[in-house]
Structure formats: structure tokens, C-alpha cells
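Here's input_6.cif, which has mmCIF, C-alpha atoms:
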```cif
data_data
loop_
_atom_site.label_atom_id
_atom_site.label_comp_id
_atom_site.auth_asym_id
_atom_site.auth_seq_id
_atom_site.Cartn_x
_atom_site.Cartn_y
_atom_site.Cartn_z
CA MET A 1 92.65 103.28 133.69
CA LYS A 2 89.34 101.41 133.73
CA ILE A 3 87.18 101.41 130.60
CA LEU A 4 83.73 99.85 130.17
CA LEU A 5 82.37 99.10 126.71
CA LYS A 6 78.66 98.24 126.97
CA ASN A 7 76.17 96.53 124.67
CA ALA A 8 78.69 95.67 121.98
CA THR A 9 78.40 92.85 119.46
CA ILE A 10 81.69 91.19 120.36
CA PHE A 11 83.69 88.80 118.21
CA THR A 12 85.07 86.18 120.59
CA ASN A 13 85.65 82.44 120.19
CA ASP A 14 84.96 82.85 116.46
CA GLU A 15 81.38 83.97 117.07
CA PHE A 16 79.47 87.19 117.69
CA LYS A 17 77.67 87.80 120.96
CA LYS A 18 76.10 90.88 122.54
CA SER A 19 77.96 91.65 125.75
CA ASP A 20 79.85 94.18 127.88
CA LEU A 21 83.64 94.30 128.08
CA GLU A 22 85.79 95.67 130.88
CA ILE A 23 89.38 96.89 130.47
CA THR A 24 91.67 97.48 133.44
CA ASP A 25 94.95 99.12 132.54
CA GLU A 26 96.20 97.23 129.48
CA LYS A 27 94.16 94.02 129.77
CA ILE A 28 90.65 92.71 129.21
CA THR A 29 89.41 91.82 132.70
CA ASN A 30 85.76 90.88 132.18
CA ILE A 31 83.39 89.95 129.36
CA SER A 32 79.81 89.43 130.50
CA SER A 33 76.30 90.81 130.34
CA ASN A 34 75.18 93.78 132.40
CA ILE A 35 78.47 94.86 134.00
CA GLU A 36 77.52 97.62 136.39
CA ALA A 37 78.86 100.99 135.21
CA VAL A 38 80.39 101.94 138.57
CA GLY A 39 84.05 102.73 139.28
CA PHE A 40 85.10 103.26 135.66
CA ASP A 41 87.09 106.17 134.30
CA VAL A 42 85.05 106.10 131.10
CA VAL A 43 81.98 104.21 129.84
CA TYR A 44 80.90 103.87 126.19
CA ASP A 45 77.60 102.46 124.97
CA LEU A 46 78.38 100.52 121.78
CA ASN A 47 74.81 99.53 120.97
CA ASN A 48 74.52 98.57 117.26
CA MET A 49 78.32 98.54 116.93
CA TYR A 50 80.80 95.70 116.56
CA LEU A 51 83.74 95.22 118.92
CA LEU A 52 86.44 93.42 116.97
CA PRO A 53 89.97 92.27 117.76
CA GLY A 54 92.54 94.81 116.63
CA LEU A 55 93.37 94.22 112.97
CA ILE A 56 96.87 93.03 112.03
CA ASP A 57 98.75 94.09 108.89
CA VAL A 58 102.04 92.31 108.28
CA HIS A 59 102.92 94.43 105.24
CA THR A 60 103.14 98.21 105.57
CA HIS A 61 105.64 100.86 104.51
CA LEU A 62 106.14 103.55 107.15
CA ARG A 63 109.06 105.20 105.29
CA GLU A 64 111.02 106.18 108.41
CA PRO A 65 113.99 106.42 108.52
CA GLY A 66 115.00 107.88 105.19
CA PHE A 67 111.82 108.99 103.47
CA ILE A 68 109.85 111.04 105.98
CA TYR A 69 108.53 113.33 103.25
CA LYS A 70 106.33 110.33 102.29
CA GLU A 71 105.28 109.10 105.77
CA THR A 72 106.54 108.85 109.34
CA ILE A 73 106.20 106.26 112.09
CA ALA A 74 103.78 108.67 113.80
CA THR A 75 101.51 109.33 110.80
CA GLY A 76 101.60 105.79 109.46
CA SER A 77 100.84 104.15 112.79
CA MET A 78 98.03 106.66 113.45
CA ALA A 79 96.60 105.87 110.03
CA GLY A 80 96.62 102.25 111.15
CA ALA A 81 94.72 103.13 114.31
CA LYS A 82 92.14 105.08 112.27
CA GLY A 83 91.59 101.95 110.18
CA GLY A 84 91.22 99.63 113.18
CA TYR A 85 94.75 98.19 113.22
CA THR A 86 96.62 97.65 116.46
CA SER A 87 99.61 95.69 115.10
CA ILE A 88 101.50 96.40 111.89
CA CYS A 89 104.80 95.22 110.44
CA ALA A 90 107.10 97.77 108.80
CA MET A 91 108.89 96.78 105.59
CA PRO A 92 112.64 97.40 105.37
CA ASN A 93 113.08 99.46 102.18
CA LEU A 94 114.41 102.36 104.24
CA ASN A 95 117.55 104.45 104.55
CA PRO A 96 119.54 103.10 106.24
CA THR A 97 118.22 99.65 105.44
CA PRO A 98 117.85 97.53 108.59
CA ASP A 99 120.55 95.04 107.55
CA SER A 100 122.66 95.37 110.71
CA LEU A 101 121.88 96.14 114.33
CA GLU A 102 123.42 99.58 114.01
CA ASN A 103 121.15 100.47 111.10
CA LEU A 104 118.11 98.79 112.63
CA GLN A 105 118.55 100.78 115.83
CA VAL A 106 117.62 104.00 114.01
CA GLU A 107 114.22 102.51 113.17
CA LEU A 108 113.78 100.93 116.60
CA ASP A 109 114.38 104.30 118.26
CA ALA A 110 111.81 105.98 116.00
CA ILE A 111 109.25 103.26 116.75
CA LYS A 112 109.80 103.57 120.50
CA LYS A 113 109.44 107.35 120.32
CA ASP A 114 106.51 107.79 117.93
CA ALA A 115 104.51 104.61 117.28
CA LYS A 116 100.84 104.94 118.24
CA ILE A 117 100.16 101.21 117.95
CA ASN A 118 102.35 98.08 117.91
CA VAL A 119 104.95 98.33 115.12
CA TYR A 120 107.22 95.38 114.31
CA PRO A 121 110.16 95.99 111.95
CA TYR A 122 111.44 93.62 109.30
CA GLY A 123 115.14 93.09 108.75
CA THR A 124 116.48 92.76 105.24
CA ILE A 125 117.52 89.48 103.64
CA THR A 126 120.52 91.06 101.91
CA LYS A 127 122.71 94.07 102.64
CA GLY A 128 121.12 97.18 101.24
CA GLU A 129 118.47 94.95 99.63
CA LYS A 130 120.95 94.63 96.76
CA GLY A 131 120.89 90.84 96.58
CA GLN A 132 124.68 90.52 96.67
CA GLU A 133 125.48 89.60 100.28
CA LEU A 134 123.40 88.34 103.21
CA ALA A 135 122.51 90.90 105.84
CA ASP A 136 123.71 90.38 109.42
CA LEU A 137 120.85 87.98 110.07
CA ASP A 138 122.25 86.57 113.33
CA GLU A 139 122.75 90.05 114.76
CA ILE A 140 119.27 91.39 114.00
CA ALA A 141 117.18 88.21 114.39
CA ASN A 142 115.98 88.93 117.94
CA TYR A 143 114.79 92.42 117.00
CA VAL A 144 112.85 91.81 113.78
CA ILE A 145 109.61 90.06 112.90
CA ALA A 146 111.14 88.30 109.86
CA PHE A 147 113.53 88.85 106.96
CA SER A 148 112.44 90.49 103.71
CA ASP A 149 113.90 92.43 100.79
CA ASP A 150 110.46 93.80 99.99
CA GLY A 151 110.43 96.06 96.99
CA HIS A 152 113.09 93.83 95.43
CA GLY A 153 113.04 90.19 94.43
CA VAL A 154 116.08 88.13 95.39
CA GLN A 155 117.28 87.32 91.88
CA ASN A 156 119.98 84.80 92.74
CA GLU A 157 118.82 81.29 93.66
CA GLU A 158 121.95 80.48 95.66
CA MET A 159 121.52 83.67 97.68
CA MET A 160 117.91 82.77 98.50
CA LEU A 161 118.98 79.22 99.43
CA SER A 162 121.60 80.60 101.84
CA ALA A 163 119.03 82.99 103.31
CA MET A 164 116.53 80.19 103.90
CA GLU A 165 119.13 77.94 105.50
CA LYS A 166 120.15 80.73 107.86
CA ALA A 167 116.55 81.79 108.60
CA LYS A 168 115.60 78.19 109.39
CA LYS A 169 118.41 77.99 111.99
CA LEU A 170 117.26 81.29 113.49
CA ASN A 171 113.61 80.18 113.49
CA LYS A 172 112.62 83.16 111.35
CA MET A 173 110.48 83.48 108.24
CA ILE A 174 111.65 84.56 104.83
CA VAL A 175 108.99 87.00 103.59
CA ALA A 176 109.52 87.36 99.86
CA HIS A 177 108.65 89.99 97.30
CA CYS A 178 108.65 87.78 94.22
CA GLU A 179 109.72 89.52 91.05
CA ASP A 180 111.98 88.29 88.25
CA ASN A 181 113.67 91.42 86.92
CA SER A 182 114.63 89.70 83.66
CA LEU A 183 110.95 89.46 82.71
CA LEU A 184 109.89 93.05 83.46
CA ASN A 185 110.93 94.65 80.15
CA GLY A 186 110.05 98.14 81.32
CA GLY A 187 106.48 97.21 82.23
CA TYR A 188 104.50 99.17 84.80
CA ILE A 189 100.93 97.80 84.73
CA HIS A 190 99.52 94.30 84.11
CA ASP A 191 100.28 92.86 80.70
CA GLY A 192 96.61 92.49 79.89
CA GLU A 193 93.68 93.97 77.98
CA TYR A 194 93.93 97.50 79.38
CA ALA A 195 97.64 97.71 78.53
CA LYS A 196 96.95 96.59 74.95
CA ILE A 197 94.07 99.02 74.42
CA HIS A 198 95.92 102.01 75.84
CA GLY A 199 99.43 101.28 74.61
CA HIS A 200 101.07 100.69 77.99
CA LYS A 201 103.99 98.39 78.69
CA GLY A 202 102.88 95.36 80.66
CA ILE A 203 104.30 93.31 83.52
CA CYS A 204 103.80 89.61 82.80
CA SER A 205 102.37 87.26 85.40
CA GLU A 206 105.38 84.94 85.20
CA SER A 207 107.59 87.63 86.71
CA GLU A 208 105.69 86.88 89.96
CA TRP A 209 104.87 83.20 89.82
CA GLY A 210 108.25 82.12 88.44
CA PRO A 211 110.19 83.14 91.57
CA ILE A 212 107.45 81.69 93.79
CA LYS A 213 107.84 78.33 92.06
CA ARG A 214 111.63 78.52 92.48
CA ASP A 215 111.46 79.49 96.15
CA ILE A 216 108.92 76.84 97.07
CA GLU A 217 111.43 74.22 95.99
CA LEU A 218 114.03 75.90 98.22
CA SER A 219 111.56 75.93 101.12
CA ARG A 220 110.86 72.25 100.51
CA LYS A 221 114.61 71.57 100.61
CA THR A 222 115.43 73.66 103.70
CA GLY A 223 112.23 73.46 105.76
CA CYS A 224 112.30 77.24 106.10
CA HIS A 225 108.94 78.97 106.63
CA TYR A 226 108.44 80.85 103.38
CA HIS A 227 105.81 83.62 103.27
CA VAL A 228 104.92 85.13 99.89
CA CYS A 229 104.10 88.84 99.72
CA HIS A 230 101.09 90.36 97.90
CA ILE A 231 100.24 87.61 95.40
CA SER A 232 98.24 88.80 92.40
CA THR A 233 98.08 86.02 89.79
CA LYS A 234 96.02 82.87 89.31
CA GLU A 235 99.22 80.87 88.77
CA SER A 236 100.62 82.02 92.12
CA VAL A 237 97.46 80.81 93.86
CA GLU A 238 97.63 77.38 92.24
CA ILE A 239 101.37 76.92 92.86
CA ILE A 240 100.94 77.76 96.54
CA ARG A 241 97.80 75.61 96.82
CA GLN A 242 99.67 72.57 95.52
CA ALA A 243 102.72 73.26 97.70
CA LYS A 244 100.53 73.39 100.81
CA LYS A 245 98.91 70.09 99.85
CA GLU A 246 102.39 68.61 99.61
CA GLY A 247 103.33 69.84 103.07
CA VAL A 248 105.68 72.68 102.14
CA ASN A 249 105.95 75.28 104.92
CA VAL A 250 104.51 78.14 102.85
CA THR A 251 102.01 80.90 103.65
CA CYS A 252 100.93 83.93 101.64
CA GLU A 253 99.00 87.19 101.50
CA THR A 254 97.12 89.37 99.06
CA GLY A 255 95.72 92.91 99.15
CA PRO A 256 92.27 94.55 98.91
CA HIS A 257 92.93 96.03 95.45
CA TYR A 258 93.74 92.61 93.96
CA LEU A 259 90.53 91.14 95.41
CA THR A 260 88.16 93.93 94.37
CA LEU A 261 89.55 95.40 91.11
CA ASN A 262 90.74 94.14 87.74
CA ASP A 263 92.89 95.80 85.10
CA MET A 264 89.85 97.09 83.20
CA ASN A 265 89.04 99.22 86.25
CA LEU A 266 92.29 101.14 85.80
CA GLN A 267 92.30 104.86 85.15
CA GLU A 268 95.13 106.97 83.79
CA GLU A 269 96.14 108.06 87.30
CA GLY A 270 99.00 107.20 89.63
CA ARG A 271 96.58 106.06 92.33
CA PHE A 272 96.01 102.90 90.28
CA LYS A 273 99.71 102.01 90.07
CA MET A 274 101.31 99.54 92.45
CA ASN A 275 103.65 96.55 92.35
CA PRO A 276 102.55 93.89 91.63
CA PRO A 277 99.89 95.48 89.42
CA ILE A 278 96.13 94.98 89.47
CA ARG A 279 95.63 92.05 87.13
CA SER A 280 92.83 90.43 85.10
CA GLU A 281 89.34 89.46 86.21
CA GLU A 282 90.40 85.82 85.92
CA ASP A 283 93.24 86.49 88.35
CA ARG A 284 90.88 88.31 90.71
CA GLN A 285 88.45 85.40 90.77
CA ALA A 286 91.32 82.98 91.45
CA LEU A 287 92.40 85.12 94.40
CA ILE A 288 88.86 85.09 95.81
CA GLU A 289 88.82 81.29 95.55
CA GLY A 290 92.21 81.33 97.27
CA ILE A 291 90.92 83.22 100.29
CA LYS A 292 87.79 81.06 100.43
CA ASP A 293 89.64 77.73 100.40
CA GLY A 294 92.47 78.81 102.71
CA THR A 295 95.26 78.90 100.14
CA ILE A 296 95.68 82.61 100.88
CA ASP A 297 96.23 83.07 104.60
CA MET A 298 95.77 86.79 105.11
CA ILE A 299 94.91 90.14 103.59
CA ILE A 300 97.42 92.94 103.94
CA THR A 301 97.32 96.57 102.77
CA ASP A 302 100.84 96.98 101.35
CA HIS A 303 100.33 100.57 102.56
CA ALA A 304 102.92 102.41 100.45
CA PRO A 305 102.69 106.22 100.70
CA HIS A 306 104.40 108.58 98.28
CA SER A 307 104.32 112.35 97.86
CA ALA A 308 101.59 113.95 95.75
CA GLU A 309 104.20 114.86 93.14
CA GLU A 310 105.48 111.27 92.91
CA LYS A 311 101.93 110.03 92.28
CA SER A 312 100.92 112.78 89.81
CA LYS A 313 102.58 111.39 86.68
CA GLY A 314 99.97 108.93 85.42
CA LEU A 315 100.34 105.19 85.09
CA GLN A 316 103.68 105.34 83.32
CA GLY A 317 105.56 107.95 85.34
CA SER A 318 104.19 107.67 88.88
CA ALA A 319 105.90 105.83 91.71
CA MET A 320 104.64 102.33 92.52
CA GLY A 321 102.45 102.07 95.60
CA VAL A 322 99.10 103.04 97.13
CA VAL A 323 97.91 103.61 100.69
CA GLY A 324 95.46 101.32 102.41
CA LEU A 325 95.44 101.33 106.21
CA GLU A 326 92.45 103.65 106.52
CA VAL A 327 90.28 101.96 103.88
CA ALA A 328 91.09 98.24 103.79
CA PHE A 329 88.44 96.95 106.18
CA PRO A 330 85.49 98.97 104.80
CA VAL A 331 86.46 98.18 101.19
CA LEU A 332 86.63 94.46 101.94
CA TYR A 333 83.48 94.48 104.08
CA THR A 334 81.56 96.30 101.36
CA ASN A 335 82.82 94.29 98.39
CA LEU A 336 83.22 90.80 99.88
CA VAL A 337 81.09 90.46 103.02
CA LYS A 338 77.95 92.43 102.15
CA PRO A 339 77.46 90.61 98.81
CA GLY A 340 77.91 87.25 100.60
CA ILE A 341 81.19 86.27 98.93
CA ILE A 342 82.74 85.61 102.35
CA THR A 343 81.44 85.95 105.90
CA LEU A 344 82.50 88.57 108.43
CA ASN A 345 84.03 85.73 110.44
CA LYS A 346 86.17 84.81 107.43
CA LEU A 347 87.27 88.42 106.95
CA LEU A 348 88.41 88.58 110.58
CA GLU A 349 90.24 85.28 110.12
CA LEU A 350 92.14 86.90 107.25
CA MET A 351 92.77 90.20 109.08
CA ASN A 352 93.39 88.99 112.64
CA THR A 353 93.32 85.27 113.41
CA ASN A 354 95.66 84.00 110.70
CA PRO A 355 98.27 86.77 110.84
CA ARG A 356 98.15 86.50 114.65
CA ASN A 357 98.77 82.76 114.60
CA ILE A 358 101.38 82.82 111.83
CA PHE A 359 103.36 85.91 112.84
CA LYS A 360 102.76 85.52 116.61
CA ILE A 361 101.65 89.13 117.10
CA GLY A 362 98.37 90.78 118.10
CA THR A 363 95.64 89.43 120.35
CA GLU A 364 92.18 87.93 120.40
CA ILE A 365 89.27 89.15 122.52
CA LYS A 366 89.63 87.10 125.66
CA VAL A 367 89.85 87.78 129.39
CA GLY A 368 93.50 88.15 130.36
CA GLU A 369 94.62 89.22 126.88
CA LYS A 370 95.94 92.69 126.11
CA ALA A 371 93.15 95.04 125.12
CA ASP A 372 93.90 95.50 121.42
CA LEU A 373 90.45 96.28 120.07
CA THR A 374 88.60 98.18 117.38
CA VAL A 375 85.00 99.39 117.27
CA TYR A 376 83.23 99.45 113.91
CA ASP A 377 79.81 100.75 112.93
CA LEU A 378 79.11 98.41 110.03
CA ASN A 379 75.94 100.27 109.06
CA GLU A 380 77.58 103.64 108.53
CA ASN A 381 77.68 104.45 104.83
CA TYR A 382 80.02 107.09 103.39
CA ASN A 383 82.29 108.00 100.50
CA ILE A 384 86.04 107.51 100.93
CA ASP A 385 87.76 110.90 100.93
CA SER A 386 91.54 110.67 100.77
CA SER A 387 91.93 114.35 101.67
CA LYS A 388 90.84 113.38 105.18
CA PHE A 389 93.43 110.62 105.60
CA VAL A 390 95.81 110.77 108.55
CA SER A 391 98.45 109.20 106.32
CA MET A 392 100.67 111.61 104.45
CA GLY A 393 100.00 109.47 101.38
CA LYS A 394 96.67 110.11 99.65
CA ALA A 395 96.87 107.84 96.60
CA THR A 396 94.23 105.10 96.70
CA PRO A 397 92.25 103.49 93.87
CA PHE A 398 89.25 103.58 96.23
CA ASP A 399 89.04 107.37 96.52
CA GLY A 400 85.39 108.40 96.17
CA ASN A 401 84.06 104.85 96.55
CA ASN A 402 80.90 104.42 98.58
CA VAL A 403 81.50 101.96 101.44
CA TYR A 404 79.95 100.57 104.60
CA GLY A 405 81.84 100.25 107.89
CA LYS A 406 83.33 103.14 109.82
CA CYS A 407 85.99 102.71 112.48
CA LYS A 408 84.79 104.58 115.56
CA MET A 409 87.46 103.69 118.10
CA THR A 410 90.75 101.83 118.36
CA ILE A 411 92.25 100.73 121.67
CA CYS A 412 95.83 99.47 121.85
CA GLU A 413 97.13 97.90 125.07
CA GLY A 414 94.24 99.47 126.96
CA ASN A 415 94.86 102.99 125.63
CA ILE A 416 92.32 104.76 123.46
CA ILE A 417 94.37 105.76 120.40
CA PHE A 418 91.61 106.77 117.99
CA ASN A 419 88.14 107.89 119.02
CA GLU A 420 85.19 109.19 117.03
CA LEU A 421 82.46 108.05 119.40
#
```
Written as C-alpha cells, how would this file's structure read?
Amino acid sequence: MKILLKNATIFTNDEFKKSDLEITDEKITNISSNIEAVGFDVVYDLNNMYLLPGLIDVHTHLREPGFIYKETIATGSMAGAKGGYTSICAMPNLNPTPDSLENLQVELDAIKKDAKINVYPYGTITKGEKGQELADLDEIANYVIAFSDDGHGVQNEEMMLSAMEKAKKLNKMIVAHCEDNSLLNGGYIHDGEYAKIHGHKGICSESEWGPIKRDIELSRKTGCHYHVCHISTKESVEIIRQAKKEGVNVTCETGPHYLTLNDMNLQEEGRFKMNPPIRSEEDRQALIEGIKDGTIDMIITDHAPHSAEEKSKGLQGSAMGVVGLEVAFPVLYTNLVKPGIITLNKLLELMNTNPRNIFKIGTEIKVGEKADLTVYDLNENYNIDSSKFVSMGKATPFDGNNVYGKCKMTICEGNIIFNEL
């Protein structure tokens, strides 16, 4: 199939330029001005729209196998396409957990059958994510993007040391959900002002930054590439900043809700509950400084769908997790780029360039590369309406927010997956 995209503002070589782009089968075959619209199967005029590299999210929960009442590979990957993503990584808190090749194969088969965009599975660090015994890391290494027990912190230091030593030999990352269970004390939102005012049990910041501090020393010792999931505290930012300065092989991520909300924005609804929790304004400002100075490498969604019933029990009783694939880019563009906090180039660095270079997935816009692209109308203004989500999960703290930036088309490997042009 031959596709011509005309008059687009294209992000290539870290700059924006008005041009035409030609796709033949799965690859970009020409980027230049005034490509003649002859011999194409389809031609789109993208005047006043931005043609961006397909977004990359290294932290999503697609829930299949095991929890398809929450989400499926098909719905989750299509939600990604609707948000402009062409490559996503699926976390391993599934049933069965991908801790052996036999168990992983169930997920691989579902991805092959139903994924609308590129989906890369994680393998677990420990069997059943129980922290007691290493998973069959050698057996699954060639089939997974990295190893993670996401949803659970590895509590035992010796277990994490063994995992890092093994991962280093296999040339794989350890991608860590950092949470010290001994410090949780039944908490379910940030241990801050909102919790005090409303009588909620809080989750202290040390439950996150304590394990990060521990694991950075293990990374220093082993040389293993250590990637920290969804950081939310000012201490986490500073610990990682210092470790990077000292040459430790550490990278990290944060999410849109941590960058744009603080705990005083909470409402008594399950759509504001996730793990780690939305923290203080001081933490939020530290995270913004972290993305600006390069301490934080990428922004992920931590897309974590649950059923309506599971999210209907307020802050205390609802399941942890919110959805994000369909709203992340417009929320970040509206709250960070439009006010001049960061540039659009920087946002794309956080949502494409850095995850692409670190995780070795996705593409840039370049002749000869696979055509993984998204088209955004950055001037389109609308209110987020979760009832219209493709995802089976509807819980987002951004429901009803007024945003700029509407995804109009997503192309993955030369195929038009989502199209509202």
C-alpha cells in the first residue's frame, strides 16, 4: 500500500519542518516538498497538523491473560493507537504470570492474534511475582523486553542482587516497582495534607525512595541497567540525579498525573487512586525539574484499567490504577507545553526519543524506517470524555478536563490503525 501525507509539520532530526511524506508498504520512502499525488492508494492533506513519530509507552497494563474483564490486548492496544502510541510494553502482573516460557507463551499468542500496534511483554523477576524465587530468566530472556515484578516491590535485597547479576549476564534491564511493604501501614493515598484533612491513611514517600536507594547500590555493584518505574517523590528524583552523576547505570520514568496534579487536587473518587499516589506540590515541582534537567528519562502512562465496580468505592476501597493511553499526550501538551514549562521537542524526547533509545523499540521519522507515525491537531480543543474511551477502563483523574491536541490518525508499520481524518 502507498500512502501520501501532504503538507504536514513533520518532526524529524529534532526539528519541525513543513513537508510531504510517502509510505510504501511498511516503510517511509520519501520526505520532501511537493511530492506529486500520483500512484498512491490514499492521499491525506495534513495542513495545520503535526506528523509525529509514534509515541512509546514502556509501562502499560493490558490485563490479558487472566483479567480480560478489565482490558484485553485488543482494546488496550487500540486505546494506545487512539492516543498516538505505536509501541507499548505490557507489564507482567497477569495470570499466569510470565515467569516461564510456557506461561509467557499464552501472552505471546494473544499479542500475535490481537495486538493493533507493537506490544512488547515483560517477564517477571520472581516466580508469581512473589519475591521468593527467581523466574526462569534464562528461558524467557529472548522473548521479553525486560524483567519486572511491577505491582510488587522486591522486598528481599539478596533476591534483587541475584536478579541484577542474572539480568546483567543476559543483557536485560531490571525494571523495578519500588515499594517497601513494611512502611505502607494500610495507606492508600499520599501521606500529606489531603490525607490529614480528610482522615485518610497515607503512604509515606520513603516507601518509594528507600528501595530506590537500596537498588541503586546494587546496580552500582553489579553494573546492571536499573530502570525505576513511575517515580513520584522529590527524594526519588534527587537520589537518581546523584546516581547518574556518579555513573550508575540507572534510568527512570514518571507519569502525567504526577507531573500535573498534587494531593490537594484529589477528590473522593476511585479515579484519583493509583500506586504510587499523587503526592505534594513540592514533589510535583521536583518531578518537573527532573524532566527538564534530564534526571527523568521518559513519561509513561501506567495505563491500569479496572472494572467500573472496582473503581466505584472511593479513595479507600477502590482498586489502585487509572487509565492513560488516550489522554496522556493532550494532558501533557496542555499543561506543560502550552504554558511554556517545556517545549514540544522536549515532550517528544520524553515520549519517543528516550524510550526508543533506552528500550530499543519504536522508530523515528526517517527515510528507510518503519512507518510508525501519529498525526495530531494541536489546535483542537475539547473536553476529555472517558465514556468515549476505547479502553475498557474509564477511570482517569482527567475526566472532564479541557485540553488541546487531538490524535487524528495513527499508522503502525505502514498500516492505518486509527483514523479520524
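Residues in contact range of Lys244 in chain A, defined as at most 12 Å between all atoms listed in the file, with sequence neighbours fewer than 6 positions away removed, read Ile216, Glu217, Ser219, Arg220, His225, Tyr226, His227, Val237, Glu238, Val250, Thr251, Cys252, Asp293, Gly294, Thr295, Ile296 and Asp297 of chain A.
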Print the selection's residues with C-alpha atoms to a file, as a short mmCIF file (atom, residue, chain, number, x, y, z; two decimals), in the coordinates of the input.
```cif
data_model
loop_
_atom_site.label_atom_id
_atom_site.label_comp_id
_atom_site.auth_asym_id
_atom_site.auth_seq_id
_atom_site.Cartn_x
_atom_site.Cartn_y
_atom_site.Cartn_z
CA ILE A 216 108.92 76.84 97.07
CA GLU A 217 111.43 74.22 95.99
CA SER A 219 111.56 75.93 101.12
CA ARG A 220 110.86 72.25 100.51
CA HIS A 225 108.94 78.97 106.63
CA TYR A 226 108.44 80.85 103.38
CA HIS A 227 105.81 83.62 103.27
CA VAL A 237 97.46 80.81 93.86
CA GLU A 238 97.63 77.38 92.24
CA VAL A 250 104.51 78.14 102.85
CA THR A 251 102.01 80.90 103.65
CA CYS A 252 100.93 83.93 101.64
CA ASP A 293 89.64 77.73 100.40
CA GLY A 294 92.47 78.81 102.71
CA THR A 295 95.26 78.90 100.14
CA ILE A 296 95.68 82.61 100.88
CA ASP A 297 96.23 83.07 104.60
#
```
Residue neighbourhood Ile416 in chain A, 12 Å, only C-alpha atoms, exclusion window fewer than 5 positions, as a PDB file with C-alpha atoms, in the frame of the given file:
```pdb
ATOM      1  CA  MET A   1      92.650 103.280 133.690  1.00  0.00           C
ATOM      2  CA  LYS A   2      89.340 101.410 133.730  1.00  0.00           C
ATOM      3  CA  ILE A   3      87.180 101.410 130.600  1.00  0.00           C
ATOM      4  CA  LEU A   4      83.730  99.850 130.170  1.00  0.00           C
ATOM      5  CA  LEU A   5      82.370  99.100 126.710  1.00  0.00           C
ATOM      6  CA  ILE A  23      89.380  96.890 130.470  1.00  0.00           C
ATOM      7  CA  ASP A  25      94.950  99.120 132.540  1.00  0.00           C
ATOM      8  CA  GLU A  26      96.200  97.230 129.480  1.00  0.00           C
ATOM      9  CA  VAL A  42      85.050 106.100 131.100  1.00  0.00           C
ATOM     10  CA  TYR A  44      80.900 103.870 126.190  1.00  0.00           C
ATOM     11  CA  MET A  78      98.030 106.660 113.450  1.00  0.00           C
ATOM     12  CA  ALA A  81      94.720 103.130 114.310  1.00  0.00           C
ATOM     13  CA  LYS A  82      92.140 105.080 112.270  1.00  0.00           C
ATOM     14  CA  GLY A  84      91.220  99.630 113.180  1.00  0.00           C
ATOM     15  CA  THR A  86      96.620  97.650 116.460  1.00  0.00           C
ATOM     16  CA  LYS A 116     100.840 104.940 118.240  1.00  0.00           C
ATOM     17  CA  ILE A 117     100.160 101.210 117.950  1.00  0.00           C
ATOM     18  CA  ALA A 371      93.150  95.040 125.120  1.00  0.00           C
ATOM     19  CA  ASP A 372      93.900  95.500 121.420  1.00  0.00           C
ATOM     20  CA  LEU A 373      90.450  96.280 120.070  1.00  0.00           C
ATOM     21  CA  THR A 374      88.600  98.180 117.380  1.00  0.00           C
ATOM     22  CA  VAL A 375      85.000  99.390 117.270  1.00  0.00           C
ATOM     23  CA  LYS A 408      84.790 104.580 115.560  1.00  0.00           C
ATOM     24  CA  MET A 409      87.460 103.690 118.100  1.00  0.00           C
ATOM     25  CA  THR A 410      90.750 101.830 118.360  1.00  0.00           C
ATOM     26  CA  ILE A 411      92.250 100.730 121.670  1.00  0.00           C
ATOM     27  CA  LEU A 421      82.460 108.050 119.400  1.00  0.00           C
TER      28      LEU A 421
END
```
At what distance in Å, to one decimal, does CA of Ile28 in chain A lie from CA of Val367 in chain A?
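Taking CA of Val367 in chain A as the start and CA of Ile28 in chain A as the end point, the length is 5.0 Å.
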Between A:Ile299, A:Ile31, A:Ala304, A:Ile361, which is the closest to Arg271 in chain A once you count only C-alpha atoms?
A:Ala304
Give as JSON, numbers by chain the residues that the PyMOL selection byres ((chain A and resi 327) around 9) matches when applied to the coordinates above.
{"A": [83, 301, 323, 324, 325, 326, 328, 329, 330, 331, 332, 384, 396, 398]}
Exercise: Val119 in chain A partners within 6 Å, all atoms listed in the file, chain neighbours under 3 positions left out, as a PyMOL selection string:
chain A and resi 87-89
Would you compute the distance between CA of Gly255 in chain A and CA of Asn419 in chain A? Give it in Å to one decimal.
26.0 Å
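Ranking A:Thr9, A:Ile56, A:Glu420, A:Ala74 by their shortest atom-to-atom distance to Asn354 in chain A, with only C-alpha atoms included, puts A:Ile56 first.
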Which residues match the PyMOL selection byres ((chain A and resi 179-184) around 6) in the file above, as a compact mmCIF listing (two decimals) with C-alpha atoms, keeping the file's coordinate frame?
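Output contents, as saved in selection_31.txt:
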```txt
# COMPACT_ATOMS: atom_id res chain seq x y z
CA GLY A 153 113.04 90.19 94.43
CA CYS A 178 108.65 87.78 94.22
CA ASN A 185 110.93 94.65 80.15
CA GLY A 186 110.05 98.14 81.32
CA GLY A 187 106.48 97.21 82.23
CA ILE A 203 104.30 93.31 83.52
CA SER A 207 107.59 87.63 86.71
CA GLU A 208 105.69 86.88 89.96
```
